[in-house]
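Novice: Here it is: the structure, laid out below.
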Amino acid sequence: MTQTPKDIIATIKQNNDQIKHVIFTGCGASMADLYPAYYFVAQESQRLSVQIMQANEFNYATPKFVGADTIVITASLGGTTPESIAATKHARELGAQVITLSHNPDSPIVKAAEFVLIHGFEEDYAHKTEKMTMALQLAIEIVNQFEGYEFYDEAQTAFDGLFDLINHEVQMAQGAAKEFAQRYQYVDKIYVLGSGATFGTAYSTASFLFMEMQWITGTTINSGEFFHGPFELALKDAPYLLFMNDGSTRHLDARALEFLQRFDTKLTVIDAKDHNLASIASPNVIDYFNPMLITGVMRIYADELSVARQHPLTQRRYMWKLENY
């Protein structure tokens, strides 16, 4: 029988009700998909320490506290990322409670883990965010079961409406995505801004959708940090992509928006307010649902960009082609 995030955390609590630490670890886009879950625990827990670590950094610079009182959550889309498999095995050897998320139920990372969640990916745009969504569900269960989370029911309501909202908003965004593709098809760099729980989405967009999949230089900037150095490059027609949250860090995004408009940059905004996030998520939980909605909508922008550039998202120079790197 397939376990749910709630089942898994309940079993871990039965095994050890003195959990003190949580580590999220992975590589590339999978690490970025864990960011909203990390952010939730960091914001909402009053007693748990939490970190997010690149998998090979976890392997070679393991925090000394990792042990039976630690939950380690790993992730790998195909389940074959060597560093993430090693991190999963390493965490288990140290006695941690280890959960992995993967799309492939027969993959090496699944076989290495104690607890497993299998997520979708190909079904539709919403399912491309399922790994991120399941990680957030785990984070909410950890906080709720070990210390209580007063807005737990409101979070579940948001989860219930999330995938339908993403798929609907992707359809509504098709025209804007085509316009984005036409405006940006010849750029060689894009600056990507985001804040709060969506900072991981900004990072994955710049590093993977742009750098890995389109060979466009992508730079990630925290919207709040924009005014502490990076804004010097906000020139006329400089290419920017801004993710605007609905929630507590919106002021940071709005401040960056005003500045970028002031100097007539080549700016595209994907705004969770425009995509009706508040229709499913209450003000108490909305911060944590921005990344999934924005990620889902961003995928149609990436698809259209790949068509305009005649550069499929699956095209690579090195990945899957070189054995030794």
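Residues in the structure tokens are numbered from 1 in each chain, the chains being A, B, ... in the order shown, and ligands are numbered from 1 in the order shown.
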Among range 89-230 of chain A, which ones does DSSP place in strand (DSSP E), written as an MDAnalysis selection string?
Specialist: chainID A and resid 97:102 115:118 189:194 217:222
Novice: Convert the current residue selection to file output with N, CA and C atoms, as a JSON list (two decimals), in the first residue's frame.
Specialist:
[["chain", "number", "residue", "atom", "x", "y", "z"],
["A", 97, "GLN", "N", 16.32, 9.13, 10.02],
["A", 97, "GLN", "CA", 15.06, 8.69, 9.42],
["A", 97, "GLN", "C", 15.04, 9.26, 8.00],
["A", 98, "VAL", "N", 15.10, 8.41, 6.98],
["A", 98, "VAL", "CA", 15.36, 8.88, 5.62],
["A", 98, "VAL", "C", 14.14, 8.67, 4.72],
["A", 99, "ILE", "N", 13.70, 9.76, 4.10],
["A", 99, "ILE", "CA", 12.59, 9.75, 3.15],
["A", 99, "ILE", "C", 13.12, 10.20, 1.79],
["A", 100, "THR", "N", 12.73, 9.52, 0.74],
["A", 100, "THR", "CA", 13.11, 9.99, -0.59],
["A", 100, "THR", "C", 11.89, 10.18, -1.48],
["A", 101, "LEU", "N", 12.01, 11.12, -2.42],
["A", 101, "LEU", "CA", 10.97, 11.39, -3.40],
["A", 101, "LEU", "C", 11.55, 11.14, -4.78],
["A", 102, "SER", "N", 10.83, 10.37, -5.59],
["A", 102, "SER", "CA", 11.29, 10.06, -6.94],
["A", 102, "SER", "C", 10.10, 9.77, -7.84],
["A", 115, "PHE", "N", 11.83, 5.29, 3.68],
["A", 115, "PHE", "CA", 10.47, 5.72, 3.35],
["A", 115, "PHE", "C", 10.49, 6.37, 1.97],
["A", 116, "VAL", "N", 9.42, 6.16, 1.20],
["A", 116, "VAL", "CA", 9.42, 6.58, -0.21],
["A", 116, "VAL", "C", 8.09, 7.23, -0.58],
["A", 117, "LEU", "N", 8.17, 8.29, -1.36],
["A", 117, "LEU", "CA", 7.00, 8.88, -2.01],
["A", 117, "LEU", "C", 7.28, 8.93, -3.51],
["A", 118, "ILE", "N", 6.38, 8.37, -4.30],
["A", 118, "ILE", "CA", 6.51, 8.37, -5.76],
["A", 118, "ILE", "C", 5.59, 9.45, -6.32],
["A", 189, "LYS", "N", 21.23, 36.27, -21.95],
["A", 189, "LYS", "CA", 21.21, 36.23, -20.49],
["A", 189, "LYS", "C", 19.84, 36.68, -20.01],
["A", 190, "ILE", "N", 19.44, 36.19, -18.83],
["A", 190, "ILE", "CA", 18.21, 36.62, -18.18],
["A", 190, "ILE", "C", 18.46, 36.68, -16.68],
["A", 191, "TYR", "N", 18.07, 37.78, -16.05],
["A", 191, "TYR", "CA", 18.14, 37.91, -14.60],
["A", 191, "TYR", "C", 16.78, 37.49, -14.02],
["A", 192, "VAL", "N", 16.80, 36.56, -13.07],
["A", 192, "VAL", "CA", 15.56, 36.02, -12.50],
["A", 192, "VAL", "C", 15.46, 36.41, -11.04],
["A", 193, "LEU", "N", 14.37, 37.08, -10.67],
["A", 193, "LEU", "CA", 14.17, 37.55, -9.31],
["A", 193, "LEU", "C", 13.01, 36.82, -8.64],
["A", 194, "GLY", "N", 13.17, 36.55, -7.34],
["A", 194, "GLY", "CA", 12.11, 35.95, -6.54],
["A", 194, "GLY", "C", 12.44, 36.12, -5.07],
["A", 217, "THR", "N", 22.57, 32.28, -20.23],
["A", 217, "THR", "CA", 23.09, 32.61, -18.91],
["A", 217, "THR", "C", 21.96, 33.10, -18.02],
["A", 218, "GLY", "N", 21.74, 32.41, -16.90],
["A", 218, "GLY", "CA", 20.69, 32.78, -15.96],
["A", 218, "GLY", "C", 21.29, 33.17, -14.62],
["A", 219, "THR", "N", 20.87, 34.30, -14.09],
["A", 219, "THR", "CA", 21.36, 34.78, -12.80],
["A", 219, "THR", "C", 20.18, 34.88, -11.84],
["A", 220, "THR", "N", 20.32, 34.29, -10.66],
["A", 220, "THR", "CA", 19.27, 34.32, -9.64],
["A", 220, "THR", "C", 19.53, 35.45, -8.66],
["A", 221, "ILE", "N", 18.53, 36.28, -8.40],
["A", 221, "ILE", "CA", 18.65, 37.40, -7.47],
["A", 221, "ILE", "C", 17.47, 37.38, -6.52],
["A", 222, "ASN", "N", 17.74, 37.40, -5.23],
["A", 222, "ASN", "CA", 16.67, 37.59, -4.26],
["A", 222, "ASN", "C", 16.11, 39.00, -4.42]]
Novice: Residues at most 8 Å from Arg316 in chain A, counting only C-alpha atoms, excluding those fewer than 3 positions away in the same chain, as number ranges by chain?
Specialist: A: 212-213, 319-320
Novice: How would the residues just chosen look if you wrote them out with all heavy atoms as an mmCIF file, in the first residue's frame?
Specialist:
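Listed below is the output, again.cif:
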data_model
loop_
_atom_site.group_PDB
_atom_site.id
_atom_site.type_symbol
_atom_site.label_atom_id
_atom_site.label_comp_id
_atom_site.auth_asym_id
_atom_site.auth_seq_id
_atom_site.Cartn_x
_atom_site.Cartn_y
_atom_site.Cartn_z
ATOM 1 N N GLU A 212 20.707 25.195 -18.231
ATOM 2 C CA GLU A 212 20.838 23.801 -18.650
ATOM 3 C C GLU A 212 20.068 23.509 -19.940
ATOM 4 O O GLU A 212 20.612 22.894 -20.869
ATOM 5 C CB GLU A 212 20.343 22.871 -17.544
ATOM 6 C CG GLU A 212 20.379 21.403 -17.921
ATOM 7 C CD GLU A 212 19.731 20.504 -16.880
ATOM 8 O OE1 GLU A 212 19.637 20.893 -15.697
ATOM 9 O OE2 GLU A 212 19.308 19.397 -17.251
ATOM 10 N N MET A 213 18.831 23.942 -20.001
ATOM 11 C CA MET A 213 17.948 23.510 -21.080
ATOM 12 C C MET A 213 17.921 24.441 -22.286
ATOM 13 O O MET A 213 17.477 24.040 -23.362
ATOM 14 C CB MET A 213 16.520 23.340 -20.546
ATOM 15 C CG MET A 213 16.411 22.313 -19.446
ATOM 16 S SD MET A 213 14.697 22.119 -18.889
ATOM 17 C CE MET A 213 14.938 21.058 -17.460
ATOM 18 N N MET A 319 25.289 16.663 -20.276
ATOM 19 C CA MET A 319 24.479 15.774 -19.442
ATOM 20 C C MET A 319 23.986 14.592 -20.256
ATOM 21 O O MET A 319 23.510 14.756 -21.381
ATOM 22 C CB MET A 319 23.295 16.534 -18.836
ATOM 23 C CG MET A 319 22.504 15.736 -17.806
ATOM 24 S SD MET A 319 21.231 16.727 -16.996
ATOM 25 C CE MET A 319 22.222 17.812 -15.986
ATOM 26 N N TRP A 320 24.101 13.410 -19.683
ATOM 27 C CA TRP A 320 23.699 12.131 -20.281
ATOM 28 C C TRP A 320 24.645 11.700 -21.409
ATOM 29 O O TRP A 320 24.450 10.649 -22.005
ATOM 30 C CB TRP A 320 22.260 12.164 -20.816
ATOM 31 C CG TRP A 320 21.254 12.671 -19.849
ATOM 32 C CD1 TRP A 320 21.150 12.359 -18.522
ATOM 33 C CD2 TRP A 320 20.199 13.597 -20.109
ATOM 34 N NE1 TRP A 320 20.101 13.023 -17.950
ATOM 35 C CE2 TRP A 320 19.488 13.797 -18.898
ATOM 36 C CE3 TRP A 320 19.779 14.265 -21.264
ATOM 37 C CZ2 TRP A 320 18.390 14.635 -18.792
ATOM 38 C CZ3 TRP A 320 18.676 15.111 -21.157
ATOM 39 C CH2 TRP A 320 17.998 15.301 -19.937
#
Novice: CA of Ala278 in chain A and CA of Ala158 in chain A are how many Å apart?
Specialist: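 Computed distance, CA of Ala278 in chain A to CA of Ala158 in chain A, equals 9.1 Å.
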Novice: Given only C-alpha atoms, how would the per-residue table for range 92-130 of chain A near range 166-183 of chain A read, listing every residue at most 8 Å away with its closest atom pair and distance in Å to one decimal, sorted by chain and number, as a tab-separated table?
Specialist:
residue	atom	partner	partner_atom	distance
A:Asp124	CA	A:Asn167	CA	7.3
A:Tyr125	CA	A:Asn167	CA	6.1
A:Ala126	CA	A:Ile166	CA	5.5
Novice: Using N, CA and C atoms, can you write the selected residues to a file as a tab-separated table (two decimals), in the first residue's frame?
Specialist:
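selection14.tsv, freshly written:
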chain	number	residue	atom	x	y	z
A	124	ASP	N	0.56	16.24	-16.65
A	124	ASP	CA	0.13	17.59	-17.01
A	124	ASP	C	1.08	18.57	-16.34
A	125	TYR	N	0.82	19.86	-16.52
A	125	TYR	CA	1.70	20.87	-15.94
A	125	TYR	C	1.68	20.83	-14.41
A	126	ALA	N	0.52	20.57	-13.84
A	126	ALA	CA	0.44	20.51	-12.38
A	126	ALA	C	1.33	19.42	-11.81
Novice: Can you pull out every residue within 9 Å of Ile12 in chain A, counting only C-alpha atoms, but drop anything in the same chain fewer than 5 positions away, and send it as a list of chain:residue names?
Specialist: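 My reading of the contact set: A:Asp7, A:Asp17, A:Ile19, A:Ile71, A:Gln97.
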Novice: For CA of Pro230 in chain A and CA of Ser30 in chain A, quote the distance in Å rounded to one decimal.
Specialist: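 The value is 26.6 Å.
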Novice: Contacts between range 42-49 of chain A and range 126-168 of chain A, please, where a residue of range 126-168 of chain A counts if it comes within 9 Å (with only C-alpha atoms); show its shortest atom pair and distance in Å to one decimal, rows by chain and ascending number, as CSV.
Specialist:
residue,atom,partner,partner_atom,distance
A:Ile140,CA,A:Glu44,CA,8.9
A:Val143,CA,A:Ser45,CA,6.0
A:Asn144,CA,A:Ser45,CA,9.0
A:Glu147,CA,A:Ser45,CA,7.7
A:Gly148,CA,A:Ser45,CA,8.9
A:Tyr149,CA,A:Glu44,CA,7.8
Novice: Those residues with all heavy atoms, as a compact mmCIF listing (two decimals), in the first residue's frame please?
Specialist:
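New file out.txt:
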# COMPACT_ATOMS: atom_id res chain seq x y z
N ILE A 140 4.91 20.11 6.34
CA ILE A 140 3.76 20.49 7.16
C ILE A 140 3.42 19.38 8.15
O ILE A 140 3.10 19.66 9.32
CB ILE A 140 2.56 20.85 6.26
CG1 ILE A 140 2.86 22.16 5.52
CG2 ILE A 140 1.26 20.95 7.06
CD1 ILE A 140 1.82 22.55 4.48
N VAL A 143 6.01 19.47 11.11
CA VAL A 143 5.74 20.52 12.09
C VAL A 143 4.45 20.23 12.85
O VAL A 143 4.39 20.35 14.09
CB VAL A 143 5.68 21.90 11.41
CG1 VAL A 143 5.20 22.97 12.39
CG2 VAL A 143 7.04 22.27 10.84
N ASN A 144 3.41 19.81 12.14
CA ASN A 144 2.12 19.58 12.81
C ASN A 144 2.19 18.42 13.79
O ASN A 144 1.68 18.52 14.92
CB ASN A 144 1.04 19.30 11.76
CG ASN A 144 -0.33 19.23 12.39
OD1 ASN A 144 -0.77 20.16 13.06
ND2 ASN A 144 -1.02 18.12 12.19
N GLU A 147 4.94 19.33 16.79
CA GLU A 147 4.73 20.47 17.68
C GLU A 147 3.41 21.19 17.47
O GLU A 147 3.07 22.08 18.24
CB GLU A 147 5.89 21.46 17.57
CG GLU A 147 6.14 22.00 16.17
CD GLU A 147 7.43 22.81 16.12
OE1 GLU A 147 7.39 24.00 16.48
OE2 GLU A 147 8.45 22.24 15.70
N GLY A 148 2.67 20.82 16.42
CA GLY A 148 1.39 21.46 16.15
C GLY A 148 1.50 22.62 15.19
O GLY A 148 2.42 23.43 15.29
N TYR A 149 0.57 22.68 14.24
CA TYR A 149 0.53 23.77 13.26
C TYR A 149 -0.91 24.25 13.18
O TYR A 149 -1.80 23.53 12.70
CB TYR A 149 1.04 23.29 11.90
CG TYR A 149 0.95 24.33 10.81
CD1 TYR A 149 1.44 25.61 11.00
CD2 TYR A 149 0.37 24.04 9.57
CE1 TYR A 149 1.37 26.57 10.01
CE2 TYR A 149 0.29 24.99 8.56
CZ TYR A 149 0.79 26.25 8.79
OH TYR A 149 0.71 27.21 7.81
Novice: Go through A:His311, A:Arg262, A:His275, A:Lys6 one by one, measure the shortest atom-to-atom distance of each to Leu138 in chain A using only C-alpha atoms, and give the residue with the smallest value.
Specialist: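 Closest candidate: A:Lys6.
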Novice: If you measure from CA of Ala68 in chain A to CA of Ala96 in chain A, what distance in Å do you get, rounded to one decimal?
Specialist: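 Calculated distance between CA of Ala68 in chain A and CA of Ala96 in chain A is 4.6 Å.
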Novice: According to DSSP computed on the backbone, where in range 33-122 of chain A is there helix (DSSP H, G or I)? Give the residues as a ChimeraX atom specification.
Specialist: /A:33,35-44,55-60,82-93,108-112
Novice: Can those selected residues be exported to a file as a PDB file, in the first residue's frame so that it contains C-alpha atoms?
Specialist:
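Okay, result-v1.pdb is ready:
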ATOM      1  CA  ASP A  33      12.041  21.506  -5.442  1.00  0.00           C
ATOM      2  CA  TYR A  35      13.215  24.632  -1.052  1.00  0.00           C
ATOM      3  CA  PRO A  36       9.567  25.506  -0.215  1.00  0.00           C
ATOM      4  CA  ALA A  37       9.465  22.636   2.292  1.00  0.00           C
ATOM      5  CA  TYR A  38      12.712  23.841   3.878  1.00  0.00           C
ATOM      6  CA  TYR A  39      11.338  27.385   3.965  1.00  0.00           C
ATOM      7  CA  PHE A  40       8.139  26.239   5.663  1.00  0.00           C
ATOM      8  CA  VAL A  41       9.966  24.468   8.503  1.00  0.00           C
ATOM      9  CA  ALA A  42      12.352  27.408   8.915  1.00  0.00           C
ATOM     10  CA  GLN A  43       9.419  29.830   9.185  1.00  0.00           C
ATOM     11  CA  GLU A  44       6.891  27.813  11.169  1.00  0.00           C
ATOM     12  CA  ALA A  55      23.713  16.307  -1.805  1.00  0.00           C
ATOM     13  CA  ASN A  56      27.447  16.030  -2.356  1.00  0.00           C
ATOM     14  CA  GLU A  57      28.082  18.705   0.237  1.00  0.00           C
ATOM     15  CA  PHE A  58      26.038  16.609   2.637  1.00  0.00           C
ATOM     16  CA  ASN A  59      28.204  13.605   1.707  1.00  0.00           C
ATOM     17  CA  TYR A  60      31.541  15.344   2.198  1.00  0.00           C
ATOM     18  CA  PRO A  82      24.747   9.315  -7.901  1.00  0.00           C
ATOM     19  CA  GLU A  83      25.310  12.050  -5.311  1.00  0.00           C
ATOM     20  CA  SER A  84      21.714  11.869  -4.080  1.00  0.00           C
ATOM     21  CA  ILE A  85      21.807   8.072  -3.876  1.00  0.00           C
ATOM     22  CA  ALA A  86      25.011   8.344  -1.847  1.00  0.00           C
ATOM     23  CA  ALA A  87      23.406  10.943   0.441  1.00  0.00           C
ATOM     24  CA  THR A  88      20.427   8.655   1.014  1.00  0.00           C
ATOM     25  CA  LYS A  89      22.699   5.741   1.939  1.00  0.00           C
ATOM     26  CA  HIS A  90      24.962   7.938   4.058  1.00  0.00           C
ATOM     27  CA  ALA A  91      22.045   9.339   6.066  1.00  0.00           C
ATOM     28  CA  ARG A  92      20.755   5.836   6.755  1.00  0.00           C
ATOM     29  CA  GLU A  93      24.204   4.668   7.860  1.00  0.00           C
ATOM     30  CA  PRO A 108      18.340   3.042  -7.008  1.00  0.00           C
ATOM     31  CA  ILE A 109      17.444   5.952  -4.729  1.00  0.00           C
ATOM     32  CA  VAL A 110      14.105   4.338  -3.884  1.00  0.00           C
ATOM     33  CA  LYS A 111      15.841   1.068  -3.024  1.00  0.00           C
ATOM     34  CA  ALA A 112      18.272   2.955  -0.775  1.00  0.00           C
TER      35      ALA A 112
END
Novice: Counting only C-alpha atoms, what is within 10 Å of Gln310 in chain A, bar same-chain residues fewer than 6 positions away, as a ChimeraX atom specification?
Specialist: /A:185,214,304
Novice: Could you write out the selected residues, including N, CA, C and O atoms, as a short mmCIF file (atom, residue, chain, number, x, y, z; two decimals), in the first residue's frame?
Specialist:
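Saved result, selection_7.cif, follows:
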data_model
loop_
_atom_site.label_atom_id
_atom_site.label_comp_id
_atom_site.auth_asym_id
_atom_site.auth_seq_id
_atom_site.Cartn_x
_atom_site.Cartn_y
_atom_site.Cartn_z
N GLN A 185 13.65 35.41 -27.35
CA GLN A 185 14.26 34.28 -28.06
C GLN A 185 15.71 34.52 -28.44
O GLN A 185 16.47 33.56 -28.61
N GLN A 214 18.39 25.69 -22.11
CA GLN A 214 18.37 26.63 -23.23
C GLN A 214 19.74 27.27 -23.50
O GLN A 214 19.87 28.06 -24.44
N GLU A 304 7.33 27.41 -24.66
CA GLU A 304 7.19 28.32 -25.79
C GLU A 304 8.55 28.92 -26.18
O GLU A 304 8.83 29.11 -27.38
#
Novice: Identify which of the residues A:Lys236, A:His127, A:Lys266, A:Arg250 lies closest to Thr295 in chain A, counting only C-alpha atoms when measuring atom-to-atom distances.
Specialist: A:His127
Novice: Closest to Met53 in chain A among A:Gly296, A:Gly247, A:Gly26, A:Gly79, using only C-alpha atoms?
Specialist: A:Gly26
Novice: Rank nothing, just name the residue among A:Tyr186, A:Phe24, A:Asn15, A:Glu130 nearest to Ser306 in chain A, using only C-alpha atoms.
Specialist: A:Tyr186
Novice: Which residue is closest to Thr205 in chain A? Choose from A:Ile294, A:Ala61, A:Leu260, A:Val285 and count only C-alpha atoms.
Specialist: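 Once distances to Thr205 in chain A are computed over only C-alpha atoms, the minimum belongs to A:Ile294.
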Novice: Name the closest residue to Thr129 in chain A among the candidates A:Thr11, A:Thr201, A:Thr268, A:Ser207; distances are taken between atoms, counting only C-alpha atoms.
Specialist: A:Thr201
